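J.: Contents are CSV, N, CA and C atoms; file name coords-v9.csv:
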chain,number,residue,atom,x,y,z
A,48,MET,N,-55.7,-73.5,78.8
A,48,MET,CA,-55.3,-72.2,79.2
A,48,MET,C,-56.6,-71.3,79.0
A,49,ASN,N,-56.9,-70.4,80.0
A,49,ASN,CA,-58.0,-69.5,80.0
A,49,ASN,C,-57.5,-68.2,79.5
A,50,PHE,N,-58.1,-67.7,78.4
A,50,PHE,CA,-57.7,-66.4,77.9
A,50,PHE,C,-58.7,-65.3,78.2
A,51,ALA,N,-59.7,-65.6,79.0
A,51,ALA,CA,-60.7,-64.6,79.4
A,51,ALA,C,-60.0,-63.4,80.1
A,52,SER,N,-60.5,-62.3,79.8
A,52,SER,CA,-59.9,-61.1,80.5
A,52,SER,C,-60.8,-60.7,81.7
A,53,LYS,N,-60.3,-59.7,82.5
A,53,LYS,CA,-61.0,-59.2,83.6
A,53,LYS,C,-62.3,-58.6,83.1
A,54,GLU,N,-62.3,-58.0,81.9
A,54,GLU,CA,-63.4,-57.4,81.3
A,54,GLU,C,-64.6,-58.4,81.1
A,55,MET,N,-64.2,-59.6,80.8
A,55,MET,CA,-65.2,-60.6,80.5
A,55,MET,C,-65.6,-61.4,81.8
A,56,THR,N,-64.7,-61.5,82.8
A,56,THR,CA,-65.0,-62.4,83.9
A,56,THR,C,-65.2,-61.6,85.2
A,57,GLY,N,-64.7,-60.3,85.2
A,57,GLY,CA,-64.7,-59.5,86.5
A,57,GLY,C,-63.6,-59.8,87.4
A,58,MET,N,-62.7,-60.7,86.9
A,58,MET,CA,-61.5,-61.1,87.7
A,58,MET,C,-60.2,-60.6,87.0
A,59,ALA,N,-59.2,-60.5,87.7
A,59,ALA,CA,-57.9,-60.1,87.1
A,59,ALA,C,-57.3,-61.2,86.3
A,60,SER,N,-56.8,-60.9,85.2
A,60,SER,CA,-56.2,-61.9,84.3
A,60,SER,C,-54.8,-62.3,84.7
A,61,PRO,N,-54.5,-63.6,84.6
A,61,PRO,CA,-53.1,-64.0,85.0
A,61,PRO,C,-52.1,-63.8,83.9
A,62,LEU,N,-52.6,-63.3,82.7
A,62,LEU,CA,-51.7,-63.0,81.6
A,62,LEU,C,-50.9,-61.8,81.8
A,63,PRO,N,-49.7,-61.7,81.3
A,63,PRO,CA,-48.8,-60.6,81.4
A,63,PRO,C,-49.5,-59.3,80.8
A,64,ALA,N,-49.2,-58.2,81.3
A,64,ALA,CA,-49.7,-56.9,80.7
A,64,ALA,C,-49.4,-56.8,79.3
A,65,GLU,N,-48.2,-57.2,78.8
A,65,GLU,CA,-47.8,-57.1,77.4
A,65,GLU,C,-48.8,-57.9,76.5
A,66,VAL,N,-49.1,-59.1,77.0
A,66,VAL,CA,-50.0,-59.9,76.2
A,66,VAL,C,-51.4,-59.3,76.1
A,67,GLN,N,-51.9,-58.7,77.2
A,67,GLN,CA,-53.2,-58.0,77.3
A,67,GLN,C,-53.2,-56.8,76.3
A,68,ILE,N,-52.1,-56.1,76.3
A,68,ILE,CA,-52.0,-54.9,75.5
A,68,ILE,C,-52.0,-55.3,74.0
A,69,LEU,N,-51.2,-56.4,73.7
A,69,LEU,CA,-51.2,-56.9,72.3
A,69,LEU,C,-52.6,-57.3,71.9
A,70,ALA,N,-53.3,-58.0,72.8
A,70,ALA,CA,-54.7,-58.5,72.5
A,70,ALA,C,-55.6,-57.3,72.2
A,71,GLN,N,-55.4,-56.2,73.0
A,71,GLN,CA,-56.2,-55.0,72.8
A,71,GLN,C,-56.0,-54.4,71.4
A,72,ARG,N,-54.7,-54.3,71.1
A,72,ARG,CA,-54.3,-53.8,69.8
A,72,ARG,C,-54.8,-54.6,68.6
A,73,GLN,N,-54.8,-55.9,68.8
A,73,GLN,CA,-55.3,-56.8,67.8
A,73,GLN,C,-56.8,-56.6,67.6
A,74,ALA,N,-57.5,-56.5,68.8
A,74,ALA,CA,-59.0,-56.3,68.7
A,74,ALA,C,-59.3,-55.0,68.0
A,75,ALA,N,-58.5,-53.9,68.3
A,75,ALA,CA,-58.7,-52.6,67.6
A,75,ALA,C,-58.5,-52.8,66.1
A,76,LEU,N,-57.5,-53.5,65.7
A,76,LEU,CA,-57.2,-53.8,64.3
A,76,LEU,C,-58.4,-54.5,63.7
A,77,CYS,N,-58.9,-55.5,64.4
A,77,CYS,CA,-60.1,-56.2,63.8
A,77,CYS,C,-61.3,-55.3,63.7
A,78,LYS,N,-61.5,-54.4,64.6
A,78,LYS,CA,-62.6,-53.4,64.5
A,78,LYS,C,-62.4,-52.5,63.3
A,79,VAL,N,-61.2,-52.0,63.1
A,79,VAL,CA,-61.0,-51.1,62.0
A,79,VAL,C,-61.2,-51.9,60.7
A,80,LEU,N,-60.8,-53.2,60.6
A,80,LEU,CA,-60.9,-54.0,59.4
A,80,LEU,C,-62.3,-54.6,59.3
A,81,SER,N,-63.2,-54.2,60.1
A,81,SER,CA,-64.6,-54.7,60.0
A,81,SER,C,-65.3,-54.1,58.8
A,82,SER,N,-64.7,-53.1,58.1
A,82,SER,CA,-65.3,-52.5,56.9
A,82,SER,C,-64.6,-53.1,55.7
A,83,THR,N,-65.5,-53.5,54.8
A,83,THR,CA,-65.0,-54.0,53.5
A,83,THR,C,-64.2,-53.0,52.8
A,84,GLN,N,-64.6,-51.7,52.8
A,84,GLN,CA,-63.8,-50.7,52.1
A,84,GLN,C,-62.4,-50.6,52.7
A,85,ARG,N,-62.3,-50.7,54.0
A,85,ARG,CA,-60.9,-50.5,54.6
A,85,ARG,C,-60.0,-51.7,54.2
A,86,VAL,N,-60.6,-52.9,54.2
A,86,VAL,CA,-59.8,-54.1,53.7
A,86,VAL,C,-59.3,-53.9,52.3
A,87,LEU,N,-60.2,-53.4,51.4
A,87,LEU,CA,-59.9,-53.1,50.0
A,87,LEU,C,-58.8,-52.1,50.0
A,88,ILE,N,-58.9,-51.0,50.8
A,88,ILE,CA,-57.8,-50.0,50.8
A,88,ILE,C,-56.5,-50.6,51.2
A,89,LEU,N,-56.4,-51.5,52.2
A,89,LEU,CA,-55.2,-52.2,52.5
A,89,LEU,C,-54.6,-53.0,51.4
A,90,TRP,N,-55.5,-53.7,50.7
A,90,TRP,CA,-55.1,-54.5,49.6
A,90,TRP,C,-54.5,-53.6,48.4
A,91,PHE,N,-55.2,-52.5,48.2
A,91,PHE,CA,-54.7,-51.5,47.1
A,91,PHE,C,-53.3,-51.0,47.5
A,92,LEU,N,-53.1,-50.7,48.8
A,92,LEU,CA,-51.9,-50.1,49.2
A,92,LEU,C,-50.7,-51.1,49.4
A,93,ILE,N,-51.0,-52.4,49.3
A,93,ILE,CA,-49.9,-53.3,49.2
A,93,ILE,C,-48.9,-53.0,48.1
A,94,GLU,N,-49.5,-52.5,47.0
A,94,GLU,CA,-48.8,-52.2,45.8
A,94,GLU,C,-47.9,-51.0,45.9
A,95,GLY,N,-48.2,-50.2,46.9
A,95,GLY,CA,-47.4,-48.9,47.0
A,95,GLY,C,-48.3,-47.8,47.4
A,96,GLU,N,-47.8,-46.6,47.6
A,96,GLU,CA,-48.6,-45.5,48.0
A,96,GLU,C,-49.4,-45.0,46.9
A,97,ARG,N,-50.6,-44.4,47.3
A,97,ARG,CA,-51.6,-43.9,46.3
A,97,ARG,C,-52.2,-42.6,46.9
A,98,THR,N,-52.7,-41.8,46.0
A,98,THR,CA,-53.4,-40.6,46.4
A,98,THR,C,-54.8,-41.0,46.8
A,99,VAL,N,-55.5,-40.1,47.6
A,99,VAL,CA,-56.8,-40.3,48.0
A,99,VAL,C,-57.7,-40.5,46.7
A,100,SER,N,-57.5,-39.7,45.7
A,100,SER,CA,-58.3,-39.7,44.5
A,100,SER,C,-58.1,-41.1,43.8
A,101,GLU,N,-56.9,-41.6,43.8
A,101,GLU,CA,-56.7,-43.0,43.2
A,101,GLU,C,-57.5,-44.0,43.9
A,102,ILE,N,-57.4,-44.0,45.3
A,102,ILE,CA,-58.1,-44.9,46.1
A,102,ILE,C,-59.6,-44.8,45.9
A,103,ALA,N,-60.1,-43.6,46.0
A,103,ALA,CA,-61.5,-43.4,45.8
A,103,ALA,C,-62.0,-43.9,44.5
A,104,ALA,N,-61.3,-43.7,43.4
A,104,ALA,CA,-61.7,-44.2,42.1
A,104,ALA,C,-61.7,-45.7,42.1
A,105,ALA,N,-60.7,-46.3,42.6
A,105,ALA,CA,-60.6,-47.8,42.6
A,105,ALA,C,-61.8,-48.4,43.4
A,106,LEU,N,-62.2,-47.7,44.5
A,106,LEU,CA,-63.3,-48.2,45.3
A,106,LEU,C,-64.6,-47.9,44.7
A,107,GLY,N,-64.7,-46.9,43.8
A,107,GLY,CA,-65.9,-46.4,43.3
A,107,GLY,C,-66.7,-45.6,44.4
A,108,ALA,N,-65.9,-45.0,45.3
A,108,ALA,CA,-66.5,-44.2,46.4
A,108,ALA,C,-66.2,-42.7,46.3
A,109,SER,N,-66.9,-42.0,47.1
A,109,SER,CA,-66.7,-40.5,47.1
A,109,SER,C,-65.4,-40.2,47.8
A,110,LEU,N,-64.8,-39.0,47.4
A,110,LEU,CA,-63.6,-38.5,48.1
A,110,LEU,C,-63.8,-38.4,49.6
A,111,PRO,N,-65.0,-37.7,50.0
A,111,PRO,CA,-65.1,-37.6,51.5
A,111,PRO,C,-65.2,-38.9,52.2
A,112,ALA,N,-65.9,-39.9,51.7
A,112,ALA,CA,-66.1,-41.2,52.3
A,112,ALA,C,-64.7,-41.9,52.4
A,113,THR,N,-64.0,-41.8,51.3
A,113,THR,CA,-62.6,-42.4,51.3
A,113,THR,C,-61.7,-41.8,52.3
A,114,SER,N,-61.8,-40.4,52.3
A,114,SER,CA,-60.9,-39.7,53.3
A,114,SER,C,-61.2,-40.1,54.7
A,115,GLN,N,-62.5,-40.3,55.0
A,115,GLN,CA,-62.9,-40.7,56.4
A,115,GLN,C,-62.3,-42.1,56.7
A,116,HIS,N,-62.3,-43.0,55.8
A,116,HIS,CA,-61.7,-44.3,56.0
A,116,HIS,C,-60.2,-44.2,56.2
A,117,LEU,N,-59.6,-43.4,55.3
A,117,LEU,CA,-58.1,-43.3,55.4
A,117,LEU,C,-57.7,-42.6,56.7
A,118,HIS,N,-58.5,-41.6,57.2
A,118,HIS,CA,-58.2,-40.9,58.4
A,118,HIS,C,-58.3,-41.9,59.6
A,119,LEU,N,-59.3,-42.7,59.7
A,119,LEU,CA,-59.5,-43.6,60.7
A,119,LEU,C,-58.4,-44.7,60.7
A,120,MET,N,-58.0,-45.1,59.6
A,120,MET,CA,-56.9,-46.1,59.5
A,120,MET,C,-55.6,-45.5,59.9
A,121,GLU,N,-55.4,-44.2,59.6
A,121,GLU,CA,-54.1,-43.5,60.0
A,121,GLU,C,-54.1,-43.3,61.5
A,122,LEU,N,-55.2,-43.0,62.1
A,122,LEU,CA,-55.3,-42.8,63.5
A,122,LEU,C,-55.0,-44.1,64.3
A,123,ASN,N,-55.3,-45.2,63.6
A,123,ASN,CA,-55.1,-46.5,64.2
A,123,ASN,C,-53.8,-47.1,63.8
A,124,HIS,N,-52.9,-46.3,63.2
A,124,HIS,CA,-51.5,-46.6,62.9
A,124,HIS,C,-51.4,-47.7,61.8
A,125,LEU,N,-52.4,-47.8,61.0
A,125,LEU,CA,-52.4,-48.8,59.9
A,125,LEU,C,-51.8,-48.2,58.6
A,126,LEU,N,-51.9,-46.8,58.5
A,126,LEU,CA,-51.4,-46.1,57.4
A,126,LEU,C,-50.6,-44.9,57.8
A,127,ALA,N,-49.7,-44.5,56.9
A,127,ALA,CA,-48.9,-43.3,57.0
A,127,ALA,C,-49.2,-42.5,55.8
A,128,SER,N,-49.0,-41.2,55.9
A,128,SER,CA,-49.3,-40.3,54.8
A,128,SER,C,-48.3,-39.2,54.6
A,129,ARG,N,-48.3,-38.7,53.4
A,129,ARG,CA,-47.4,-37.5,53.2
A,129,ARG,C,-48.1,-36.6,52.2
A,130,ARG,N,-47.9,-35.3,52.3
A,130,ARG,CA,-48.5,-34.4,51.4
A,130,ARG,C,-47.5,-33.9,50.4
A,131,GLU,N,-47.9,-33.9,49.1
A,131,GLU,CA,-47.1,-33.3,48.1
A,131,GLU,C,-48.0,-32.4,47.2
A,132,LYS,N,-47.7,-31.1,47.4
A,132,LYS,CA,-48.6,-30.1,46.8
A,132,LYS,C,-50.0,-30.3,47.2
A,133,GLN,N,-50.9,-30.5,46.2
A,133,GLN,CA,-52.3,-30.7,46.5
A,133,GLN,C,-52.7,-32.1,46.9
A,134,ASN,N,-51.8,-33.1,46.7
A,134,ASN,CA,-52.2,-34.5,46.9
A,134,ASN,C,-51.7,-35.0,48.3
A,135,ILE,N,-52.5,-35.9,48.9
A,135,ILE,CA,-52.1,-36.6,50.0
A,135,ILE,C,-51.9,-38.0,49.6
A,136,TYR,N,-50.7,-38.6,49.8
A,136,TYR,CA,-50.4,-40.0,49.5
A,136,TYR,C,-50.4,-40.8,50.7
A,137,TYR,N,-51.1,-42.0,50.6
A,137,TYR,CA,-51.1,-42.9,51.7
A,137,TYR,C,-50.4,-44.2,51.4
A,138,ARG,N,-49.8,-44.8,52.4
A,138,ARG,CA,-49.1,-46.0,52.3
A,138,ARG,C,-49.3,-46.8,53.6
A,139,LEU,N,-49.0,-48.1,53.5
A,139,LEU,CA,-49.1,-49.0,54.7
A,139,LEU,C,-48.1,-48.5,55.7
A,140,ALA,N,-48.5,-48.5,56.9
A,140,ALA,CA,-47.6,-48.2,58.0
A,140,ALA,C,-46.6,-49.4,58.2
A,141,ASP,N,-45.5,-49.1,58.7
A,141,ASP,CA,-44.5,-50.1,59.0
A,141,ASP,C,-44.6,-50.5,60.5
A,142,ASN,N,-45.5,-51.4,60.8
A,142,ASN,CA,-45.6,-51.8,62.2
A,142,ASN,C,-45.9,-53.3,62.3
A,143,GLU,N,-45.7,-53.8,63.5
A,143,GLU,CA,-45.7,-55.2,63.8
A,143,GLU,C,-47.1,-55.8,63.6
A,144,LEU,N,-48.2,-55.0,63.9
A,144,LEU,CA,-49.5,-55.5,63.7
A,144,LEU,C,-49.8,-55.8,62.2
A,145,LEU,N,-49.4,-54.9,61.3
A,145,LEU,CA,-49.6,-55.2,59.9
A,145,LEU,C,-48.7,-56.3,59.3
A,146,GLN,N,-47.5,-56.4,59.9
A,146,GLN,CA,-46.6,-57.4,59.4
A,146,GLN,C,-47.1,-58.8,59.7
A,147,ASN,N,-48.0,-58.9,60.7
A,147,ASN,CA,-48.5,-60.2,61.1
A,147,ASN,C,-50.0,-60.3,60.7
A,148,CYS,N,-50.5,-59.4,59.9
A,148,CYS,CA,-51.9,-59.4,59.6
A,148,CYS,C,-52.2,-60.4,58.5
A,149,LEU,N,-53.1,-61.4,58.8
A,149,LEU,CA,-53.4,-62.4,57.8
A,149,LEU,C,-54.2,-61.8,56.6
A,150,VAL,N,-54.9,-60.7,56.9
A,150,VAL,CA,-55.7,-60.1,55.8
A,150,VAL,C,-54.8,-59.7,54.6
A,151,LEU,N,-53.5,-59.3,55.0
A,151,LEU,CA,-52.6,-58.9,54.0
A,151,LEU,C,-51.7,-60.0,53.4
A,152,ALA,N,-51.8,-61.2,54.0
A,152,ALA,CA,-50.9,-62.3,53.6
A,152,ALA,C,-51.1,-62.7,52.2
A,153,LYS,N,-52.3,-62.8,51.7
A,153,LYS,CA,-52.5,-63.2,50.3
A,153,LYS,C,-53.8,-62.7,49.7
A,154,PRO,N,-53.8,-61.4,49.4
A,154,PRO,CA,-55.0,-60.8,48.8
A,154,PRO,C,-55.3,-61.3,47.4
A,155,PRO,N,-56.5,-61.4,47.0
A,155,PRO,CA,-56.8,-61.9,45.7
A,155,PRO,C,-56.2,-60.9,44.6
A,156,LYS,N,-55.8,-61.5,43.5
A,156,LYS,CA,-55.2,-60.7,42.4
A,156,LYS,C,-56.2,-59.6,41.9
A,157,GLU,N,-57.5,-59.9,42.0
A,157,GLU,CA,-58.5,-59.0,41.5
A,157,GLU,C,-58.5,-57.7,42.4
A,158,ALA,N,-57.9,-57.8,43.6
A,158,ALA,CA,-57.8,-56.6,44.5
A,158,ALA,C,-56.8,-55.6,44.1
A,159,SER,N,-56.1,-55.9,43.0
A,159,SER,CA,-55.0,-55.0,42.5
A,159,SER,C,-55.6,-53.8,41.8
A,160,LEU,N,-55.0,-52.6,42.0
A,160,LEU,CA,-55.5,-51.5,41.3
A,160,LEU,C,-55.4,-51.7,39.8
A,161,ALA,N,-54.5,-52.5,39.4
A,161,ALA,CA,-54.3,-52.7,37.9
A,161,ALA,C,-55.5,-53.5,37.3
A,162,ALA,N,-56.3,-54.1,38.2
A,162,ALA,CA,-57.5,-54.9,37.7
A,162,ALA,C,-58.7,-53.9,37.6
A,163,VAL,N,-58.6,-52.7,38.0
A,163,VAL,CA,-59.7,-51.8,38.0
A,163,VAL,C,-59.8,-51.2,36.6
A,164,PRO,N,-61.0,-51.4,35.9
A,164,PRO,CA,-61.1,-50.9,34.5
A,164,PRO,C,-60.8,-49.4,34.5
A,165,GLY,N,-60.0,-49.0,33.5
A,165,GLY,CA,-59.7,-47.6,33.2
A,165,GLY,C,-58.6,-47.1,34.1
A,166,HIS,N,-58.0,-47.9,35.0
A,166,HIS,CA,-56.9,-47.5,35.8
A,166,HIS,C,-55.6,-47.5,35.1
A,167,THR,N,-54.8,-46.4,35.2
A,167,THR,CA,-53.5,-46.4,34.6
A,167,THR,C,-52.5,-46.0,35.7
A,168,GLU,N,-51.4,-46.6,35.6
A,168,GLU,CA,-50.3,-46.3,36.6
A,168,GLU,C,-49.9,-44.9,36.4
A,169,ALA,N,-49.7,-44.2,37.6
A,169,ALA,CA,-49.2,-42.8,37.6
A,169,ALA,C,-47.7,-42.7,37.3
Show the structure stored in the file as structure tokens.

T.:
Amino acid sequence: MNFASKEMTGMASPLPAEVQILAQRQAALCKVLSSTQRVLILWFLIEGERTVSEIAAALGASLPATSQHLHLMELNHLLASRREKQNIYYRLADNELLQNCLVLAKPPKEASLAAVPGHTEA
């Protein structure tokens, strides 16, 4: 079976439009997950929602850099957020792409926020 798209061959694909759309969404997911920091964020959020500050501290990253990663991930429907007073809490989005994402299937235990020195549960 040939999975080449029109984009690659210049010809129309015989694949159904739904399959092509899913492939585009998967490719976008892979692009977003091309950052080590974003993969770590996903692993941290498997445990539950966290504030930007908690995520930044766990990554050892600045708040602005962490916020940029989180914003991009939210725009790509990987994360959802809610505001509570001064804090923004992020959590994994409930969608089919994440449910079938192998990156989330079995993260290392060391990727837990509990493994971060000095981290205490809120």

J.: How many Å lie between atom CA of Gln146 of chain A and atom CA of Leu62 of chain A, rounded to one decimal?

T.: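 Pair atom CA of Gln146 of chain A / atom CA of Leu62 of chain A returns 23.5 Å.
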
J.: For the structure I just gave you, how does DSSP split segment 48-135 of chain A - specifically, which residues are alpha helix (DSSP H)? Reply as a PyMOL selection string.

T.: chain A and resi 53-56+64-79+83-92+99-106+110-122

J.: As a PDB file with N, CA and C atoms, keeping the file's coordinate frame, please: the residues near Asn134 of chain A (cut-off 7 Å, all atoms listed in the file, same-chain neighbours under 3 positions excluded).

T.:
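Below you can see around16.pdb, which holds the result:
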ATOM      1  N   THR A  98     -52.700 -41.800  46.000  1.00  0.00           N
ATOM      2  CA  THR A  98     -53.400 -40.600  46.400  1.00  0.00           C
ATOM      3  C   THR A  98     -54.800 -41.000  46.800  1.00  0.00           C
ATOM      4  N   VAL A  99     -55.500 -40.100  47.600  1.00  0.00           N
ATOM      5  CA  VAL A  99     -56.800 -40.300  48.000  1.00  0.00           C
ATOM      6  C   VAL A  99     -57.700 -40.500  46.700  1.00  0.00           C
ATOM      7  N   ARG A 129     -48.300 -38.700  53.400  1.00  0.00           N
ATOM      8  CA  ARG A 129     -47.400 -37.500  53.200  1.00  0.00           C
ATOM      9  C   ARG A 129     -48.100 -36.600  52.200  1.00  0.00           C
ATOM     10  N   ARG A 130     -47.900 -35.300  52.300  1.00  0.00           N
ATOM     11  CA  ARG A 130     -48.500 -34.400  51.400  1.00  0.00           C
ATOM     12  C   ARG A 130     -47.500 -33.900  50.400  1.00  0.00           C
ATOM     13  N   GLU A 131     -47.900 -33.900  49.100  1.00  0.00           N
ATOM     14  CA  GLU A 131     -47.100 -33.300  48.100  1.00  0.00           C
ATOM     15  C   GLU A 131     -48.000 -32.400  47.200  1.00  0.00           C
TER      16      GLU A 131
END

J.: As an exercise, work out the distance from atom N of Val79 of chain A to atom CA of Leu119 of chain A in Å and give it to one decimal place.

T.: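 So the answer is 8.9 Å.
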
J.: Which of these, A:Leu125, A:Leu76, A:Leu87, A:Ala104, has the shortest distance to Asp141 of chain A once you count all atoms listed in the file?

T.: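 Closest residue, counting all atoms listed in the file: A:Leu125.
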
J.: Between atom CA of Ala127 of chain A and atom N of Ala140 of chain A, what is the spacing in Å?

T.: 5.2 Å

J.: Give me the residues within 9 Å of Leu106 of chain A as a ChimeraX atom specification, counting only C-alpha atoms and dropping any in the same chain fewer than 4 places off.

T.: /A:84,87-88,101-102,113,163

J.: For Leu80 of chain A, which residue among A:Ala59, A:Ala108, A:Met120, A:Ile135 is the nearest when counting only C-alpha atoms?

T.: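 Nearest candidate to Leu80 of chain A out of A:Ala59, A:Ala108, A:Met120, A:Ile135: A:Met120.
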